[in-house]
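Text of my_file.cif (mmCIF, C-alpha atoms and all ligand atoms) as supplied:
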```
data_final
#
loop_
_atom_site.label_atom_id
_atom_site.label_comp_id
_atom_site.auth_asym_id
_atom_site.auth_seq_id
_atom_site.Cartn_x
_atom_site.Cartn_y
_atom_site.Cartn_z
CA MET A 1 90.66 85.26 64.44
CA CYS A 2 92.72 88.36 64.08
CA MET A 3 91.05 90.11 66.95
CA VAL A 4 92.51 87.99 69.72
CA ILE A 5 93.68 91.00 71.71
CA PHE A 6 91.57 93.89 70.51
CA ALA A 7 88.05 92.45 70.46
CA PRO A 8 87.77 91.53 74.16
CA LEU A 9 89.60 94.68 75.23
CA PHE A 10 87.51 97.06 73.12
CA ALA A 11 84.32 95.33 74.28
CA ILE A 12 85.37 95.81 77.92
CA PHE A 13 86.02 99.51 77.32
CA ALA A 14 82.61 99.87 75.68
CA PHE A 15 80.55 98.29 78.46
CA ALA A 16 82.70 99.54 81.33
CA THR A 17 82.56 103.20 80.28
CA CYS A 18 78.78 103.03 79.76
CA GLY A 19 77.71 100.60 82.50
CA GLY A 20 79.99 102.12 85.13
CA TYR A 21 78.88 105.69 84.62
CA SER A 22 77.45 107.94 87.27
CA GLY A 23 77.01 111.67 86.92
CA GLN A 24 75.94 114.62 88.98
CA LEU A 25 74.59 118.06 88.33
CA ARG A 26 74.00 120.91 90.72
CA VAL A 27 71.57 123.82 90.60
CA ARG A 28 70.70 126.58 93.03
CA VAL A 29 67.34 128.04 93.85
CA ASP A 30 67.68 131.49 95.39
CA CYS A 31 64.28 132.42 96.78
CA GLU A 32 63.11 135.98 97.28
CA ASN A 33 62.73 134.99 100.93
CA LYS A 34 66.39 133.94 101.51
CA PRO A 35 65.88 131.36 104.29
CA ASP A 36 63.74 129.24 101.94
CA SER A 37 66.57 128.97 99.41
CA ASN A 38 68.70 125.93 98.66
CA LEU A 39 71.92 126.92 96.94
CA SER A 40 73.27 123.41 96.55
CA ILE A 41 70.73 121.03 95.05
CA ASN A 42 72.54 117.93 93.87
CA ILE A 43 71.01 115.48 91.41
CA ASP A 44 72.76 112.14 90.91
CA PHE A 45 72.04 109.72 88.13
CA ALA A 46 73.72 106.66 86.70
CA TYR A 47 73.45 103.79 84.26
CA PRO A 48 70.88 102.61 83.10
CA PHE A 49 69.54 106.17 82.84
CA ARG A 50 65.97 105.69 83.99
CA LEU A 51 65.86 109.43 84.60
CA ASN A 52 62.13 109.48 85.31
CA GLN A 53 62.97 107.61 88.52
CA VAL A 54 65.58 110.17 89.59
CA TYR A 55 64.24 112.79 91.96
CA VAL A 56 65.28 115.47 94.38
CA ASP A 57 63.42 117.71 96.78
CA VAL A 58 63.60 121.37 95.85
CA PRO A 59 62.25 124.44 97.64
CA THR A 60 58.99 125.95 96.43
CA CYS A 61 59.97 129.33 97.90
CA LYS A 62 56.61 129.34 99.69
CA GLY A 63 57.61 128.98 103.30
CA ARG A 64 59.59 125.86 104.20
CA SER A 65 57.68 123.56 101.89
CA GLN A 66 59.43 121.50 99.25
CA GLU A 67 58.36 119.79 96.06
CA ARG A 68 59.68 116.56 94.64
CA LEU A 69 61.26 117.11 91.25
CA PHE A 70 61.64 114.20 88.80
CA LEU A 71 63.90 114.28 85.76
CA VAL A 72 62.35 113.44 82.40
CA GLY A 73 62.82 110.40 80.21
CA ASP A 74 63.83 106.73 80.33
CA PHE A 75 66.89 105.92 78.23
CA SER A 76 67.54 102.50 79.70
CA SER A 77 66.62 100.55 76.56
CA SER A 78 69.37 101.95 74.34
CA ALA A 79 71.93 101.95 77.17
CA GLU A 80 71.14 98.37 78.20
CA PHE A 81 71.05 97.19 74.60
CA PHE A 82 74.50 98.65 74.05
CA VAL A 83 75.96 97.10 77.19
CA THR A 84 74.33 93.73 76.44
CA ILE A 85 75.84 93.60 72.96
CA ALA A 86 79.22 94.60 74.38
CA VAL A 87 79.10 91.89 77.05
CA PHE A 88 78.08 89.18 74.56
CA ALA A 89 80.71 90.33 72.07
CA PHE A 90 83.27 90.11 74.87
CA LEU A 91 82.18 86.59 75.82
CA TYR A 92 82.07 85.40 72.22
CA SER A 93 85.50 86.79 71.38
CA LEU A 94 86.96 85.05 74.44
CA LEU A 95 85.25 81.77 73.58
CA ALA A 96 86.29 81.99 69.93
CA THR A 97 89.88 82.64 70.96
CA VAL A 98 89.94 79.59 73.22
CA VAL A 99 88.38 77.35 70.56
CA TYR A 100 90.70 78.69 67.90
CA ILE A 101 93.89 78.22 69.89
CA PHE A 102 93.18 75.00 71.80
CA PHE A 103 90.67 73.22 69.56
CA GLN A 104 92.12 73.95 66.13
CA ASN A 105 91.13 70.49 64.81
CA MET A 106 87.56 70.86 65.97
CA TYR A 107 87.47 74.32 64.43
CA ARG A 108 88.59 72.91 61.05
CA GLU A 109 86.31 69.87 61.10
CA ASN A 110 83.83 70.08 58.20
CA ASN A 111 84.64 73.76 58.01
CA ARG A 112 82.12 74.20 60.79
CA GLY A 113 84.20 76.57 62.93
CA PRO A 114 84.90 79.08 60.15
CA PHE A 115 81.27 78.91 59.02
CA ILE A 116 79.85 79.67 62.48
CA ASP A 117 82.55 82.26 63.09
CA PHE A 118 81.67 84.00 59.85
CA ILE A 119 77.93 84.16 60.59
CA VAL A 120 78.44 85.29 64.18
CA THR A 121 80.98 87.94 63.15
CA VAL A 122 78.58 89.38 60.57
CA VAL A 123 75.77 89.45 63.14
CA PHE A 124 77.93 91.10 65.80
CA SER A 125 79.20 93.72 63.33
CA PHE A 126 75.62 94.64 62.53
CA MET A 127 74.68 94.66 66.22
CA TRP A 128 77.60 96.92 67.10
CA LEU A 129 76.49 99.40 64.47
CA VAL A 130 72.84 99.34 65.55
CA SER A 131 73.51 99.45 69.29
CA SER A 132 76.18 102.16 68.99
CA SER A 133 73.85 104.32 66.92
CA ALA A 134 70.96 103.74 69.31
CA TRP A 135 73.17 104.56 72.28
CA ALA A 136 74.59 107.67 70.55
CA LYS A 137 71.02 108.90 70.14
CA GLY A 138 70.15 107.90 73.73
CA LEU A 139 73.20 109.73 75.05
CA SER A 140 72.33 112.95 73.25
CA ASP A 141 68.85 112.75 74.82
CA VAL A 142 70.36 112.07 78.26
CA LYS A 143 72.53 115.17 77.84
CA VAL A 144 69.48 117.34 77.17
CA ALA A 145 67.47 115.80 80.03
CA THR A 146 70.27 116.38 82.57
CA ASP A 147 71.33 119.81 81.37
CA PRO A 148 71.04 122.02 84.49
CA GLU A 149 69.47 124.79 82.41
CA GLU A 150 66.75 122.36 81.35
CA VAL A 151 66.27 121.05 84.89
CA ILE A 152 65.72 124.59 86.16
CA LEU A 153 62.78 124.91 83.79
CA LEU A 154 61.09 122.03 85.65
CA ILE A 155 61.24 123.76 89.05
CA SER A 156 58.02 125.67 89.73
CA ALA A 157 59.74 128.19 92.02
CA CYS A 158 61.96 129.19 89.08
CA LYS A 159 58.92 130.25 87.05
CA VAL A 160 58.42 133.13 89.47
CA GLN A 161 60.45 136.13 88.32
CA THR A 162 61.49 137.23 91.80
CA ASN A 163 63.27 133.92 92.58
CA LYS A 164 66.66 133.38 90.98
CA CYS A 165 67.67 129.96 89.73
CA SER A 166 70.95 129.06 88.14
CA SER A 167 73.07 126.06 87.28
CA VAL A 168 76.21 125.45 89.32
CA TYR A 169 77.65 122.67 87.19
CA GLY A 170 76.55 119.95 84.83
CA PRO A 171 77.57 116.30 84.43
CA ILE A 172 80.92 115.28 82.96
CA TRP A 173 80.40 113.48 79.66
CA SER A 174 83.85 112.26 78.68
CA GLY A 175 83.21 108.70 79.91
CA LEU A 176 79.99 108.30 77.98
CA ASN A 177 81.40 109.98 74.86
CA THR A 178 84.19 107.42 75.07
CA SER A 179 81.68 104.58 75.23
CA VAL A 180 80.08 105.72 71.96
CA VAL A 181 83.47 106.05 70.29
CA PHE A 182 84.38 102.54 71.44
CA GLY A 183 81.03 101.27 70.17
CA TYR A 184 81.86 102.48 66.66
CA LEU A 185 85.46 101.29 66.97
CA ASN A 186 84.13 97.84 67.81
CA PHE A 187 81.93 97.99 64.74
CA VAL A 188 84.94 98.80 62.56
CA LEU A 189 86.96 96.05 64.22
CA TRP A 190 84.30 93.37 63.76
CA ALA A 191 83.34 94.47 60.26
CA GLY A 192 87.00 94.47 59.23
CA ASN A 193 87.33 91.00 60.68
CA ILE A 194 84.56 89.69 58.42
CA TRP A 195 87.08 89.53 55.59
CA PHE A 196 89.59 87.50 57.59
CA VAL A 197 86.95 85.08 58.84
CA PHE A 198 85.66 84.81 55.28
CA LYS A 199 89.13 83.76 54.14
CA GLU A 200 89.09 81.04 56.80
CA THR A 201 85.94 79.56 55.30
CA GLY A 202 87.77 79.01 52.01
CA TRP A 203 84.69 80.02 50.00
CA HIS A 204 86.66 82.52 47.95
CA LYS A 205 88.81 79.66 46.57
CA GLY A 206 85.81 77.86 45.07
CA GLY A 207 85.61 75.39 47.94
CA ALA A 208 89.04 73.80 47.37
CA ALA A 209 90.01 74.18 51.01
CA ARG A 210 86.56 73.33 52.22
CA TYR A 211 86.91 69.60 52.85
CA PRO A 212 90.65 69.23 53.29
CA THR A 213 90.57 65.74 54.86
CA SER A 214 88.19 63.96 52.44
CA ALA A 215 90.84 62.19 50.31
CA PRO A 216 94.64 61.93 50.23
CA GLU A 217 94.94 63.68 46.84
CA LYS A 218 92.64 66.38 47.99
CA GLN A 219 94.61 66.63 51.17
CA ALA A 220 97.78 67.29 49.20
CA ALA A 221 95.90 69.75 47.01
CA ALA A 222 94.52 71.43 50.07
CA PHE A 223 97.98 71.65 51.52
CA ASN A 224 99.24 73.38 48.38
CA GLN A 225 96.22 75.59 48.56
CA GLN A 226 97.17 76.35 52.11
CA SER A 227 100.67 77.43 51.28
CA TYR A 228 99.30 79.36 48.34
CA ASN A 229 96.93 81.14 50.70
CA GLN A 230 99.85 81.89 52.91
CA GLY A 231 101.75 83.41 50.02
CA THR A 232 98.91 85.61 48.87
CA PHE A 233 98.17 86.63 52.38
CA ASP A 234 101.71 87.81 52.98
CA GLN A 235 101.25 90.21 50.10
CA SER A 236 97.90 91.52 51.22
CA GLY A 237 99.14 91.62 54.80
CA GLY A 238 102.10 93.69 53.74
CA GLY A 239 99.80 96.13 52.02
CA PHE A 240 97.55 96.20 55.01
CA SER A 241 100.20 96.87 57.62
CA GLY A 242 100.56 100.43 56.42
CA SER A 243 97.23 101.34 57.95
CA GLY A 244 98.39 101.29 61.55
CA ASP A 245 98.65 99.20 64.67
CA LEU A 246 95.37 97.44 64.16
CA GLY A 247 96.30 96.20 60.71
CA GLN A 248 99.70 95.15 61.97
CA THR A 249 98.24 93.01 64.70
CA GLU A 250 95.56 91.54 62.49
CA TYR A 251 98.24 90.57 60.09
CA SER A 252 100.51 89.03 62.67
CA GLN A 253 97.68 87.11 64.31
CA VAL A 254 96.58 85.58 61.03
CA GLY A 255 100.23 84.99 60.27
CA THR A 256 100.44 82.92 63.41
CA TYR A 257 97.53 80.88 62.19
CA THR A 258 98.81 80.23 58.68
CA SER A 259 102.14 79.06 59.96
CA SER A 260 100.50 76.70 62.43
CA GLY A 261 97.92 75.55 59.89
CA PRO A 262 100.02 72.97 58.02
CA THR A 263 101.09 71.23 61.24
CA SER A 264 97.54 69.99 61.69
CA TYR A 265 97.77 67.85 58.55
C1 LIG B 1 69.27 121.20 99.51
O1 LIG B 1 69.00 120.12 98.68
C2 LIG B 1 69.76 118.96 98.97
C3 LIG B 1 69.41 117.93 97.91
O2 LIG B 1 70.22 118.08 96.82
C4 LIG B 1 69.45 118.47 100.34
O3 LIG B 1 70.22 117.34 100.64
C5 LIG B 1 69.76 119.55 101.32
O4 LIG B 1 69.39 119.16 102.62
C6 LIG B 1 68.99 120.84 100.94
N1 LIG B 1 69.39 121.91 101.81
C7 LIG B 1 68.50 122.64 102.47
C8 LIG B 1 69.04 123.76 103.29
O5 LIG B 1 67.31 122.42 102.44
#
```
Show me this structure written as structure tokens.
Ligand SMILES: *[C@@H]1O[C@H](CO)[C@@H](O)[C@H](O)[C@H]1NC(C)=O
Amino acid sequence: MCMVIFAPLFAIFAFATCGGYSGQLRVRVDCENKPDSNLSINIDFAYPFRLNQVYVDVPTCKGRSQERLFLVGDFSSSAEFFVTIAVFAFLYSLLATVVYIFFQNMYRENNRGPFIDFIVTVVFSFMWLVSSSAWAKGLSDVKVATDPEEVILLISACKVQTNKCSSVYGPIWSGLNTSVVFGYLNFVLWAGNIWFVFKETGWHKGGAARYPTSAPEKQAAAFNQQSYNQGTFDQSGGGFSGSGDLGQTEYSQVGTYTSSGPTSY
């Protein structure tokens, strides 16, 4: 539960930068017969990047007639997959935070909370990696499909030497590049959290902390175990804090837990 602040925030950045994107490119078709030209052909597209449904009317340079130009490709599956994972990761991290803070006893009961948390964290780490990679690939394809130089090649008037076609500007990619970066950052965050959730399960201590309320002796033993955990963690936390803000916060969040842990006995 070290991700109390970062996990929901990073998930929001991931799905907001991708799901909220809209881009525009502009090309010009300069016909041999000037009045037929259109020097400002705008093409707008947005999430979820079903580009084969994006069209614009462009001059054919044969009189006043126009042709309907469609972009190529449908990249909605990788984009929607990415956003879906981000939204569910956001919801889960919020839910887990609420359970962890307000239902600490329920979380501890039969070790069920840590067990579920561990499984879900592993699954989400994997999903972040897969969806970020899929979306990174999808984005590079979107960039090719919306490159004005590529779009010009689709316009039949531009295949005639005497007409001049050129790109005016292409889409701005910083938002979508950010979404991919945040996808991988989320993967690192969730994968790194696997270790902390694993510690919560108590499996690494041979199950000593697994059923802390089964018997009074065991309870005392578990309590010692608890303070022992706290001690060892302080050391590892100290070593960890050197690696930056993230480590610092993860440490302090878990620190908050270990100090509140004994009060539940
Ligand atoms: C040029 O194309 C745009 C579409 O991007 C259209 O809105 C505009 O009316 C066209 N201009 C002319 C002169 O046909």
Next item on the list: Give me, please, the distance in Å between atom O2 of ligand LIG 1 (chain B) and CA of Gln66 in chain A, quoted to one decimal.
Entry: 11.6 Å
Check: What is the CA of Glu80 in chain A to CA of Val56 in chain A distance in Å?
Finding: 24.3 Å
If you take only C-alpha atoms and all ligand atoms and a cut-off of 8 Å, which residues of chain A touch ligand LIG 1 (chain B), and what are their nearest atom pairs and distances in Å to one decimal, in chain and number order, as CSV?
```
residue,atom,partner,partner_atom,distance
A:Arg26,CA,B:LIG1,O2,7.7
A:Asp36,CA,B:LIG1,O5,7.7
A:Ser37,CA,B:LIG1,C8,6.9
A:Asn38,CA,B:LIG1,C1,4.8
A:Leu39,CA,B:LIG1,C1,6.8
A:Ser40,CA,B:LIG1,C1,5.4
A:Ile41,CA,B:LIG1,O2,3.5
A:Asn42,CA,B:LIG1,O2,3.8
A:Ile43,CA,B:LIG1,O2,6.1
A:Val56,CA,B:LIG1,C3,6.0
A:Asp57,CA,B:LIG1,C3,6.1
A:Val58,CA,B:LIG1,O1,6.2
A:Pro59,CA,B:LIG1,O5,7.3
```
Atoms to include: C-alpha atoms. Write the selected residues as a CSV table (one decimal), in the coordinates of the input.
```csv
chain,number,residue,atom,x,y,z
A,26,ARG,CA,74.0,120.9,90.7
A,36,ASP,CA,63.7,129.2,101.9
A,37,SER,CA,66.6,129.0,99.4
A,38,ASN,CA,68.7,125.9,98.7
A,39,LEU,CA,71.9,126.9,96.9
A,40,SER,CA,73.3,123.4,96.6
A,41,ILE,CA,70.7,121.0,95.0
A,42,ASN,CA,72.5,117.9,93.9
A,43,ILE,CA,71.0,115.5,91.4
A,56,VAL,CA,65.3,115.5,94.4
A,57,ASP,CA,63.4,117.7,96.8
A,58,VAL,CA,63.6,121.4,95.8
A,59,PRO,CA,62.2,124.4,97.6
```
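With all atoms listed in the file as the basis for measurement, A:Thr121 is the residue among A:Ser179, A:Ser156, A:Thr121, A:Gln161 that approaches Ser93 in chain A most closely.
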Notebook entry, point to check: Can you tell me how far CA of Cys158 in chain A sits from CA of Glu32 in chain A, in Å to one decimal?
Noted result: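 Computing the Euclidean distance for CA of Cys158 in chain A and CA of Glu32 in chain A yields 10.7 Å.
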Next item on the list: Can you work out which one of A:Val123, A:Ala7, A:Ile12, A:Cys61 has the shortest atom-to-atom distance to Cys165 in chain A, counting only C-alpha atoms?
Entry: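 The shortest atom-to-atom distance to Cys165 in chain A comes from A:Cys61.
Checking A:Tyr100, A:Tyr47, A:Tyr92, A:Tyr184 one by one against Gly19 in chain A, counting all atoms listed in the file, you find the shortest gap at A:Tyr47.
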Item checked: Closest of A:Thr146, A:Ser133, A:Asn33, A:Asn163 to Gly73 in chain A - atom-to-atom distances counting all atoms listed in the file ->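 Using all atoms listed in the file, Gly73 in chain A sits closest to A:Thr146.
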Margin query: If we count all atoms listed in the file and set the cut-off at 10 Å, which residues sit around Lys137 in chain A, ignoring sequence neighbours fewer than 6 positions away in its own chain? Please answer as number ranges by chain.
Written below: A: 75, 78-79, 131, 180
